[in-house]
file entry-v6.cif (mmCIF, C-alpha atoms)
data_upload
#
loop_
_atom_site.group_PDB
_atom_site.id
_atom_site.type_symbol
_atom_site.label_atom_id
_atom_site.label_comp_id
_atom_site.auth_asym_id
_atom_site.auth_seq_id
_atom_site.Cartn_x
_atom_site.Cartn_y
_atom_site.Cartn_z
ATOM 1 C CA MET A 1 21.368 -7.843 14.234
ATOM 2 C CA GLN A 2 18.633 -9.413 16.274
ATOM 3 C CA LEU A 3 15.466 -10.920 14.834
ATOM 4 C CA PHE A 4 13.475 -8.018 16.291
ATOM 5 C CA SER A 5 15.453 -5.464 14.309
ATOM 6 C CA VAL A 6 15.208 -7.486 11.096
ATOM 7 C CA LEU A 7 11.432 -7.779 11.483
ATOM 8 C CA PHE A 8 11.189 -4.067 12.215
ATOM 9 C CA PHE A 9 13.043 -3.186 9.022
ATOM 10 C CA ILE A 10 10.866 -5.540 6.967
ATOM 11 C CA PHE A 11 7.588 -4.145 8.310
ATOM 12 C CA GLY A 12 8.855 -0.570 8.247
ATOM 13 C CA PHE A 13 9.910 -0.964 4.625
ATOM 14 C CA ILE A 14 6.526 -2.451 3.665
ATOM 15 C CA THR A 15 4.714 0.390 5.419
ATOM 16 C CA VAL A 16 6.753 3.237 4.007
ATOM 17 C CA ALA A 17 7.097 1.844 0.474
ATOM 18 C CA SER A 18 3.393 1.157 0.083
ATOM 19 C CA ALA A 19 2.571 4.575 1.569
ATOM 20 C CA PHE A 20 4.784 6.052 -1.165
ATOM 21 C CA LEU A 21 2.761 4.114 -3.737
ATOM 22 C CA VAL A 22 -0.508 5.338 -2.191
ATOM 23 C CA VAL A 23 0.525 8.934 -2.494
ATOM 24 C CA PHE A 24 2.420 8.931 -5.779
ATOM 25 C CA SER A 25 0.431 6.457 -7.866
ATOM 26 C CA ARG A 26 -1.703 8.109 -10.546
ATOM 27 C CA ASN A 27 -4.273 5.337 -10.530
ATOM 28 C CA ILE A 28 -6.652 5.597 -7.602
ATOM 29 C CA VAL A 29 -7.396 1.853 -7.545
ATOM 30 C CA TYR A 30 -3.682 1.112 -7.195
ATOM 31 C CA SER A 31 -3.575 3.655 -4.366
ATOM 32 C CA ALA A 32 -6.405 1.905 -2.553
ATOM 33 C CA PHE A 33 -4.707 -1.473 -2.869
ATOM 34 C CA SER A 34 -1.363 -0.101 -1.670
ATOM 35 C CA LEU A 35 -3.202 1.279 1.330
ATOM 36 C CA LEU A 36 -4.029 -2.352 2.175
ATOM 37 C CA PHE A 37 -0.310 -3.143 2.492
ATOM 38 C CA THR A 38 0.304 0.010 4.518
ATOM 39 C CA PHE A 39 -2.342 -1.062 7.010
ATOM 40 C CA PHE A 40 -0.881 -4.575 7.241
ATOM 41 C CA GLY A 41 2.603 -3.126 7.765
ATOM 42 C CA VAL A 42 1.333 -0.912 10.567
ATOM 43 C CA ALA A 43 -0.359 -3.951 12.135
ATOM 44 C CA GLY A 44 3.024 -5.708 12.027
ATOM 45 C CA LEU A 45 4.642 -2.740 13.775
ATOM 46 C CA TYR A 46 1.954 -2.978 16.467
ATOM 47 C CA VAL A 47 2.844 -6.625 17.002
ATOM 48 C CA LEU A 48 6.510 -5.674 17.378
ATOM 49 C CA LEU A 49 5.428 -3.109 19.987
ATOM 50 C CA GLN A 50 3.553 -5.850 21.880
ATOM 51 C CA ALA A 51 0.120 -4.417 21.154
ATOM 52 C CA ASP A 52 -1.574 -7.627 20.019
ATOM 53 C CA PHE A 53 -5.153 -6.453 20.528
ATOM 54 C CA LEU A 54 -4.498 -3.279 18.543
ATOM 55 C CA ALA A 55 -2.886 -5.236 15.724
ATOM 56 C CA VAL A 56 -5.969 -7.423 15.313
ATOM 57 C CA THR A 57 -8.239 -4.386 15.623
ATOM 58 C CA GLN A 58 -6.206 -2.639 12.943
ATOM 59 C CA VAL A 59 -6.647 -5.527 10.523
ATOM 60 C CA LEU A 60 -10.362 -5.919 11.302
ATOM 61 C CA ILE A 61 -11.396 -2.264 11.221
ATOM 62 C CA TYR A 62 -8.971 -0.655 8.785
ATOM 63 C CA VAL A 63 -8.645 -3.475 6.267
ATOM 64 C CA GLY A 64 -12.103 -4.966 6.733
ATOM 65 C CA GLY A 65 -14.043 -1.753 7.208
ATOM 66 C CA ILE A 66 -12.446 1.509 6.193
ATOM 67 C CA LEU A 67 -10.595 0.204 3.141
ATOM 68 C CA VAL A 68 -13.737 -1.463 1.771
ATOM 69 C CA LEU A 69 -15.619 1.775 2.391
ATOM 70 C CA LEU A 70 -12.950 3.731 0.508
ATOM 71 C CA LEU A 71 -13.105 1.282 -2.407
ATOM 72 C CA PHE A 72 -16.887 1.730 -2.497
ATOM 73 C CA GLY A 73 -16.246 5.458 -2.625
ATOM 74 C CA VAL A 74 -13.853 5.009 -5.544
ATOM 75 C CA MET A 75 -16.241 2.797 -7.467
ATOM 76 C CA LEU A 76 -19.354 4.899 -6.846
ATOM 77 C CA THR A 77 -17.825 8.245 -7.739
ATOM 78 C CA ASN A 78 -16.193 7.317 -11.022
ATOM 79 C CA LYS A 79 -17.758 6.289 -14.225
ATOM 80 C CA VAL A 80 -16.002 2.962 -14.238
ATOM 81 C CA ILE A 81 -15.395 1.713 -17.740
ATOM 82 C CA SER A 82 -11.983 0.177 -17.214
ATOM 83 C CA VAL A 83 -9.795 -0.151 -14.179
ATOM 84 C CA ASP A 84 -7.520 2.784 -14.910
ATOM 85 C CA ILE A 85 -8.975 5.780 -13.149
ATOM 86 C CA LYS A 86 -6.553 8.659 -13.209
ATOM 87 C CA THR A 87 -6.611 11.420 -10.668
ATOM 88 C CA GLY A 88 -5.121 14.860 -11.055
ATOM 89 C CA THR A 89 -2.672 16.554 -8.765
ATOM 90 C CA MET A 90 -2.024 20.177 -8.057
ATOM 91 C CA GLN A 91 0.847 22.231 -6.636
ATOM 92 C CA THR A 92 3.177 19.260 -6.436
ATOM 93 C CA ILE A 93 6.444 21.226 -6.192
ATOM 94 C CA PRO A 94 5.529 23.466 -3.200
ATOM 95 C CA ALA A 95 3.924 20.462 -1.521
ATOM 96 C CA LEU A 96 7.089 18.391 -2.024
ATOM 97 C CA VAL A 97 9.204 21.137 -0.440
ATOM 98 C CA LEU A 98 6.771 21.504 2.469
ATOM 99 C CA VAL A 99 6.620 17.765 3.068
ATOM 100 C CA ALA A 100 10.409 17.402 2.870
ATOM 101 C CA VAL A 101 10.758 20.126 5.500
ATOM 102 C CA ILE A 102 8.126 18.477 7.739
ATOM 103 C CA ALA A 103 9.675 15.011 7.402
ATOM 104 C CA GLY A 104 13.201 16.269 7.950
ATOM 105 C CA SER A 105 12.374 18.271 11.037
ATOM 106 C CA LEU A 106 10.240 15.476 12.516
ATOM 107 C CA ALA A 107 12.976 12.890 11.963
ATOM 108 C CA GLY A 108 15.613 15.242 13.350
ATOM 109 C CA VAL A 109 13.613 15.939 16.487
ATOM 110 C CA PHE A 110 12.786 12.266 17.053
ATOM 111 C CA TYR A 111 16.392 11.209 16.475
ATOM 112 C CA SER A 112 17.956 13.805 18.751
ATOM 113 C CA MET A 113 15.382 13.511 21.532
ATOM 114 C CA TRP A 114 14.829 9.765 21.855
ATOM 115 C CA ARG A 115 18.024 8.268 20.446
ATOM 116 C CA GLY A 116 19.162 6.716 23.731
ATOM 117 C CA THR A 117 15.936 5.284 25.091
ATOM 118 C CA ALA A 118 16.391 2.204 27.216
ATOM 119 C CA THR A 119 14.891 -0.979 25.841
ATOM 120 C CA PRO A 120 12.050 -2.248 28.024
ATOM 121 C CA PRO A 121 12.168 -5.777 29.423
ATOM 122 C CA GLU A 122 11.287 -8.594 27.090
ATOM 123 C CA GLY A 123 8.441 -10.988 27.654
ATOM 124 C CA MET A 124 5.107 -10.929 25.888
ATOM 125 C CA VAL A 125 2.059 -10.122 27.979
ATOM 126 C CA SER A 126 -1.372 -10.277 26.379
ATOM 127 C CA THR A 127 -3.001 -6.856 26.380
ATOM 128 C CA THR A 128 -6.553 -7.921 25.565
ATOM 129 C CA LYS A 129 -7.700 -8.542 29.122
ATOM 130 C CA PRO A 130 -6.174 -5.359 30.627
ATOM 131 C CA ILE A 131 -7.665 -3.268 27.796
ATOM 132 C CA GLY A 132 -11.097 -4.800 28.410
ATOM 133 C CA GLU A 133 -10.830 -4.075 32.110
ATOM 134 C CA LEU A 134 -9.697 -0.494 31.458
ATOM 135 C CA LEU A 135 -12.642 0.052 29.101
ATOM 136 C CA MET A 136 -15.031 -0.959 31.864
ATOM 137 C CA THR A 137 -13.318 1.032 34.650
ATOM 138 C CA SER A 138 -11.188 4.140 33.997
ATOM 139 C CA TYR A 139 -12.294 4.588 30.389
ATOM 140 C CA LEU A 140 -16.010 3.905 30.872
ATOM 141 C CA LEU A 141 -17.183 7.425 29.988
ATOM 142 C CA PRO A 142 -15.075 7.761 26.788
ATOM 143 C CA PHE A 143 -16.220 4.260 25.817
ATOM 144 C CA GLU A 144 -19.904 5.190 26.142
ATOM 145 C CA ILE A 145 -19.373 8.479 24.320
ATOM 146 C CA ALA A 146 -17.597 6.608 21.514
ATOM 147 C CA SER A 147 -20.536 4.221 21.175
ATOM 148 C CA VAL A 148 -23.002 7.130 20.926
ATOM 149 C CA ILE A 149 -20.732 8.858 18.382
ATOM 150 C CA LEU A 150 -20.630 5.711 16.259
ATOM 151 C CA LEU A 151 -24.416 5.397 16.354
ATOM 152 C CA VAL A 152 -24.934 9.047 15.417
ATOM 153 C CA ALA A 153 -22.317 8.832 12.682
ATOM 154 C CA LEU A 154 -23.880 5.741 11.116
ATOM 155 C CA VAL A 155 -27.419 7.160 11.237
ATOM 156 C CA GLY A 156 -26.169 10.445 9.828
ATOM 157 C CA ALA A 157 -24.223 8.750 7.045
ATOM 158 C CA ALA A 158 -27.197 6.608 6.041
ATOM 159 C CA MET A 159 -29.403 9.698 6.111
ATOM 160 C CA MET A 160 -27.047 11.765 3.961
ATOM 161 C CA ALA A 161 -26.253 9.087 1.435
ATOM 162 C CA ARG A 162 -29.883 8.382 0.600
ATOM 163 C CA ARG A 163 -30.597 8.979 -3.058
ATOM 164 C CA THR A 164 -34.085 10.465 -2.977
ATOM 165 C CA ARG A 165 -34.528 13.252 -0.548
ATOM 166 C CA LYS A 166 -37.852 14.672 0.541
ATOM 167 C CA VAL A 167 -37.326 18.271 1.566
ATOM 168 C CA MET B 168 31.937 12.676 11.087
ATOM 169 C CA SER B 169 31.157 11.520 14.616
ATOM 170 C CA PHE B 170 27.488 12.172 13.850
ATOM 171 C CA LEU B 171 27.654 9.657 11.028
ATOM 172 C CA TYR B 172 29.344 7.065 13.254
ATOM 173 C CA ASP B 173 26.696 7.580 15.928
ATOM 174 C CA PHE B 174 23.964 7.193 13.348
ATOM 175 C CA LEU B 175 25.413 4.012 11.859
ATOM 176 C CA ALA B 176 25.852 2.504 15.297
ATOM 177 C CA TRP B 177 22.293 3.477 16.206
ATOM 178 C CA LEU B 178 20.575 2.287 13.039
ATOM 179 C CA PRO B 179 20.683 -1.550 13.407
ATOM 180 C CA ASN B 180 19.684 -1.428 17.068
ATOM 181 C CA VAL B 181 15.931 -0.862 16.904
ATOM 182 C CA GLN B 182 14.321 1.147 19.688
ATOM 183 C CA LEU B 183 11.850 3.985 20.227
ATOM 184 C CA ALA B 184 13.272 6.517 17.746
ATOM 185 C CA HIS B 185 13.054 4.029 14.840
ATOM 186 C CA PHE B 186 9.305 3.658 15.266
ATOM 187 C CA LEU B 187 8.912 7.415 15.663
ATOM 188 C CA ILE B 188 10.815 8.074 12.440
ATOM 189 C CA VAL B 189 8.691 5.577 10.489
ATOM 190 C CA SER B 190 5.595 7.326 11.796
ATOM 191 C CA GLY B 191 7.077 10.712 10.867
ATOM 192 C CA ILE B 192 7.609 9.555 7.282
ATOM 193 C CA LEU B 193 4.070 8.162 7.160
ATOM 194 C CA PHE B 194 2.686 11.446 8.491
ATOM 195 C CA SER B 195 4.534 13.495 5.870
ATOM 196 C CA LEU B 196 3.340 11.244 3.053
ATOM 197 C CA GLY B 197 -0.219 11.621 4.318
ATOM 198 C CA ILE B 198 0.125 15.401 4.343
ATOM 199 C CA TYR B 199 1.463 15.258 0.785
ATOM 200 C CA GLY B 200 -1.577 13.214 -0.303
ATOM 201 C CA ILE B 201 -3.987 15.613 1.391
ATOM 202 C CA VAL B 202 -2.386 18.701 -0.110
ATOM 203 C CA THR B 203 -1.810 17.611 -3.696
ATOM 204 C CA ARG B 204 -4.644 15.308 -4.698
ATOM 205 C CA LYS B 205 -7.759 16.604 -6.396
ATOM 206 C CA ASN B 206 -9.910 13.541 -5.842
ATOM 207 C CA ALA B 207 -11.764 13.706 -2.512
ATOM 208 C CA VAL B 208 -11.362 9.963 -1.901
ATOM 209 C CA MET B 209 -7.583 10.323 -2.243
ATOM 210 C CA VAL B 210 -7.681 13.093 0.350
ATOM 211 C CA LEU B 211 -9.464 10.667 2.674
ATOM 212 C CA MET B 212 -6.698 8.107 2.117
ATOM 213 C CA GLY B 213 -4.153 10.769 3.112
ATOM 214 C CA ILE B 214 -6.091 11.402 6.307
ATOM 215 C CA GLU B 215 -6.033 7.680 7.098
ATOM 216 C CA LEU B 216 -2.237 7.685 6.671
ATOM 217 C CA VAL B 217 -1.911 10.604 9.102
ATOM 218 C CA LEU B 218 -4.131 8.869 11.669
ATOM 219 C CA ASN B 219 -2.075 5.684 11.375
ATOM 220 C CA ALA B 220 1.122 7.658 11.939
ATOM 221 C CA ALA B 221 -0.337 9.161 15.116
ATOM 222 C CA ASN B 222 -1.368 5.702 16.274
ATOM 223 C CA ILE B 223 2.141 4.308 15.797
ATOM 224 C CA ASN B 224 3.437 7.129 17.992
ATOM 225 C CA PHE B 225 0.885 6.378 20.706
ATOM 226 C CA VAL B 226 1.703 2.674 20.759
ATOM 227 C CA ALA B 227 5.477 3.228 20.594
ATOM 228 C CA PHE B 228 5.385 5.550 23.574
ATOM 229 C CA ALA B 229 3.109 3.117 25.378
ATOM 230 C CA ARG B 230 5.779 0.453 24.976
ATOM 231 C CA TYR B 231 8.929 2.461 25.635
ATOM 232 C CA SER B 232 7.869 4.843 28.399
ATOM 233 C CA ALA B 233 5.834 4.836 31.577
ATOM 234 C CA LEU B 234 2.646 5.447 29.589
ATOM 235 C CA ASN B 235 1.813 1.716 29.640
ATOM 236 C CA LEU B 236 -1.682 0.833 28.419
ATOM 237 C CA ASP B 237 -2.990 4.407 28.357
ATOM 238 C CA GLY B 238 -1.249 4.974 25.039
ATOM 239 C CA GLN B 239 -2.921 1.912 23.556
ATOM 240 C CA MET B 240 -6.315 3.108 24.811
ATOM 241 C CA ALA B 241 -5.786 6.419 22.995
ATOM 242 C CA ALA B 242 -4.994 4.424 19.847
ATOM 243 C CA VAL B 243 -8.218 2.406 20.250
ATOM 244 C CA PHE B 244 -10.257 5.599 20.379
ATOM 245 C CA VAL B 245 -8.424 7.002 17.367
ATOM 246 C CA ILE B 246 -9.408 3.874 15.402
ATOM 247 C CA ILE B 247 -13.049 4.261 16.505
ATOM 248 C CA LEU B 248 -13.125 7.902 15.402
ATOM 249 C CA ALA B 249 -11.421 7.019 12.115
ATOM 250 C CA ALA B 250 -14.211 4.547 11.341
ATOM 251 C CA ALA B 251 -16.906 7.138 12.090
ATOM 252 C CA GLU B 252 -15.041 9.775 10.079
ATOM 253 C CA ALA B 253 -14.673 7.516 7.040
ATOM 254 C CA ALA B 254 -18.405 6.724 7.004
ATOM 255 C CA ILE B 255 -19.465 10.377 7.288
ATOM 256 C CA ALA B 256 -16.897 11.619 4.781
ATOM 257 C CA LEU B 257 -17.924 9.048 2.185
ATOM 258 C CA ALA B 258 -21.571 10.011 2.596
ATOM 259 C CA ILE B 259 -20.592 13.627 1.973
ATOM 260 C CA VAL B 260 -18.492 12.635 -1.047
ATOM 261 C CA LEU B 261 -21.426 10.680 -2.517
ATOM 262 C CA ASN B 262 -23.684 13.691 -2.028
ATOM 263 C CA ILE B 263 -21.158 15.953 -3.748
ATOM 264 C CA TYR B 264 -20.959 13.501 -6.632
ATOM 265 C CA HIS B 265 -24.745 13.453 -7.041
ATOM 266 C CA ARG B 266 -24.920 17.230 -7.082
ATOM 267 C CA PHE B 267 -21.835 18.202 -9.092
ATOM 268 C CA GLN B 268 -21.082 14.995 -11.068
ATOM 269 C CA THR B 269 -17.467 15.234 -9.927
ATOM 270 C CA VAL B 270 -15.441 14.657 -6.773
ATOM 271 C CA ASN B 271 -12.551 16.933 -7.676
ATOM 272 C CA ILE B 272 -12.415 19.268 -4.746
ATOM 273 C CA ASP B 273 -11.046 22.182 -6.766
ATOM 274 C CA GLU B 274 -14.153 22.188 -8.967
ATOM 275 C CA VAL B 275 -16.579 22.069 -6.053
ATOM 276 C CA SER B 276 -16.437 25.644 -4.897
ATOM 277 C CA SER B 277 -20.021 26.784 -4.452
ATOM 278 C CA LEU B 278 -22.075 26.237 -1.327
ATOM 279 C CA LYS B 279 -25.429 26.851 -2.989
ATOM 280 C CA GLU B 280 -26.799 26.556 -6.493
#
call {"tool": "encode", "arguments": {"input": "entry-v6.cif", "output": "structure tokens"}}
result
Amino acid sequence: MQLFSVLFFIFGFITVASAFLVVFSRNIVYSAFSLLFTFFGVAGLYVLLQADFLAVTQVLIYVGGILVLLLFGVMLTNKVISVDIKTGTMQTIPALVLVAVIAGSLAGVFYSMWRGTATPPEGMVSTTKPIGELLMTSYLLPFEIASVILLVALVGAAMMARRTRKV
Amino acid sequence: MSFLYDFLAWLPNVQLAHFLIVSGILFSLGIYGIVTRKNAVMVLMGIELVLNAANINFVAFARYSALNLDGQMAAVFVIILAAAEAAIALAIVLNIYHRFQTVNIDEVSSLKE
């Protein structure tokens, strides 16, 4: 087995195992911390797919931004006395059946459709410069729209989360 | 049994379908989290898992097909929207907590007091 395959199985195992912990752990703080490892595993998969810019973006935005935001959400919406904050579940059995069907059919389709894909040529090319150029040329309009969306979302979030509200 | 032989020969030789299957598993786990959890923050974590699964698909196809960098650009925009979505959703969750003193989404069932 090549090094590439070994690394893929390591990162894939980290991703899937910690995603299992996220979903099945009863303690919401444990879930949030397992989500950290899921995000790092996905960043590793990006590196294996030669998407270096995306891997760094994943670590910066997901781990540094979204995960911290989620932890704030956990801490602000529970009366924290100790660290064990249990969360309830509902309809686990039908959901398990549904999810098993979804996962099985997805894996079956992926396996039968793309089993024999040719491996692309090796050789690492940095993607940061091409992505920057694309953002300023073909993707200029989506880029500007995304910036406006981010501004509106942040103003709206700050507006909604204010404690005292004058109606 | 030839299916099994094919599968065992295919498994150690990592290519496109391996990444797709990992993302499929991640997607299903995210759906499970969204469907079963009562806590709204846990539902948000499930949504993040689903978005990550979609991103892995985008990047895998960008690498293994003629999609090239366009797939990675789609993934960049997904990450941007995920950040905006997390901020808005947490503001809504905080508002729900202030009004109902709980974030269990099965107890929050009225639109107006």
call {"tool": "resolve_selection", "arguments": {"input": "entry-v6.cif", "expression": "the PyMOL selection byres ((chain A) within 6 of (chain B))", "output": "ChimeraX atom specification"}}
result
/A:5,23,88-90,92,99,103,106-107,110-111,114-115,150,153,157,160-161
call {"tool": "residues_around", "arguments": {"input": "entry-v6.cif", "residues": "Phe39 of chain A", "least_positions_apart": "6", "cutoff": "12 Å", "atoms": "all atoms listed in the file", "output": "PDB file with C-alpha atoms, keeping the file's coordinate frame"}}
result
ATOM      1  CA  PHE A  11       7.588  -4.145   8.310  1.00  0.00           C
ATOM      2  CA  GLY A  12       8.855  -0.570   8.247  1.00  0.00           C
ATOM      3  CA  ILE A  14       6.526  -2.451   3.665  1.00  0.00           C
ATOM      4  CA  THR A  15       4.714   0.390   5.419  1.00  0.00           C
ATOM      5  CA  VAL A  16       6.753   3.237   4.007  1.00  0.00           C
ATOM      6  CA  ALA A  17       7.097   1.844   0.474  1.00  0.00           C
ATOM      7  CA  SER A  18       3.393   1.157   0.083  1.00  0.00           C
ATOM      8  CA  ALA A  19       2.571   4.575   1.569  1.00  0.00           C
ATOM      9  CA  VAL A  22      -0.508   5.338  -2.191  1.00  0.00           C
ATOM     10  CA  ALA A  32      -6.405   1.905  -2.553  1.00  0.00           C
ATOM     11  CA  PHE A  33      -4.707  -1.473  -2.869  1.00  0.00           C
ATOM     12  CA  LEU A  45       4.642  -2.740  13.775  1.00  0.00           C
ATOM     13  CA  TYR A  46       1.954  -2.978  16.467  1.00  0.00           C
ATOM     14  CA  LEU A  54      -4.498  -3.279  18.543  1.00  0.00           C
ATOM     15  CA  ALA A  55      -2.886  -5.236  15.724  1.00  0.00           C
ATOM     16  CA  VAL A  56      -5.969  -7.423  15.313  1.00  0.00           C
ATOM     17  CA  THR A  57      -8.239  -4.386  15.623  1.00  0.00           C
ATOM     18  CA  GLN A  58      -6.206  -2.639  12.943  1.00  0.00           C
ATOM     19  CA  VAL A  59      -6.647  -5.527  10.523  1.00  0.00           C
ATOM     20  CA  LEU A  60     -10.362  -5.919  11.302  1.00  0.00           C
ATOM     21  CA  ILE A  61     -11.396  -2.264  11.221  1.00  0.00           C
ATOM     22  CA  TYR A  62      -8.971  -0.655   8.785  1.00  0.00           C
ATOM     23  CA  VAL A  63      -8.645  -3.475   6.267  1.00  0.00           C
ATOM     24  CA  GLY A  64     -12.103  -4.966   6.733  1.00  0.00           C
ATOM     25  CA  GLY A  65     -14.043  -1.753   7.208  1.00  0.00           C
ATOM     26  CA  ILE A  66     -12.446   1.509   6.193  1.00  0.00           C
ATOM     27  CA  LEU A  67     -10.595   0.204   3.141  1.00  0.00           C
TER      28      LEU A  67
ATOM     29  CA  LEU B 193       4.070   8.162   7.160  1.00  0.00           C
ATOM     30  CA  MET B 212      -6.698   8.107   2.117  1.00  0.00           C
ATOM     31  CA  GLU B 215      -6.033   7.680   7.098  1.00  0.00           C
ATOM     32  CA  LEU B 216      -2.237   7.685   6.671  1.00  0.00           C
ATOM     33  CA  VAL B 217      -1.911  10.604   9.102  1.00  0.00           C
ATOM     34  CA  LEU B 218      -4.131   8.869  11.669  1.00  0.00           C
ATOM     35  CA  ASN B 219      -2.075   5.684  11.375  1.00  0.00           C
ATOM     36  CA  ALA B 220       1.122   7.658  11.939  1.00  0.00           C
ATOM     37  CA  ASN B 222      -1.368   5.702  16.274  1.00  0.00           C
ATOM     38  CA  ILE B 223       2.141   4.308  15.797  1.00  0.00           C
TER      39      ILE B 223
END
call {"tool": "atom_distance", "arguments": {"input": "entry-v6.cif", "atom1": "atom CA of Ser126 of chain A", "atom2": "atom CA of Asp52 of chain A"}}
result
6.9 Å
call {"tool": "resolve_selection", "arguments": {"input": "entry-v6.cif", "expression": "the PyMOL selection byres ((chain A and resi 128) around 9)", "output": "list in words"}}
result
Ala51, Asp52, Phe53, Leu54, Ser126, Thr127, Lys129, Pro130, Ile131, Gly132 and Glu133 of chain A
call {"tool": "closest_residue", "arguments": {"input": "entry-v6.cif", "among": "A:Leu7, A:Val74, A:Phe13, A:Gly41", "to": "Asn27 of chain A", "atoms": "only C-alpha atoms"}}
result
A:Val74
call {"tool": "atom_distance", "arguments": {"input": "entry-v6.cif", "atom1": "atom CA of Pro142 of chain A", "atom2": "atom CA of Phe225 of chain B"}}
result
17.1 Å
call {"tool": "atom_distance", "arguments": {"input": "entry-v6.cif", "atom1": "atom CA of Arg266 of chain B", "atom2": "atom CA of Met159 of chain A"}}
result
15.8 Å
call {"tool": "axis_aligned_box", "arguments": {"input": "entry-v6.cif", "around": "segment 259-265 of chain B", "padding_each_side": "6 Å", "output": "lines of an AutoDock Vina configuration file"}}
result
center_x = -21.6
center_y = 13.3
center_z = -2.5
size_x = 18.3
size_y = 17.3
size_z = 21.0
call {"tool": "residues_near_point", "arguments": {"input": "entry-v6.cif", "point": "(-19.7, 22.2, -6.9)", "cutoff": "7 Å", "atoms": "only C-alpha atoms", "output": "list in words"}}
result
Phe267, Glu274, Val275, Ser276 and Ser277 of chain B
call {"tool": "closest_residue", "arguments": {"input": "entry-v6.cif", "among": "A:Leu154, A:Val6, A:Leu71, A:Val148", "to": "Tyr30 of chain A", "atoms": "all atoms listed in the file"}}
result
A:Leu71
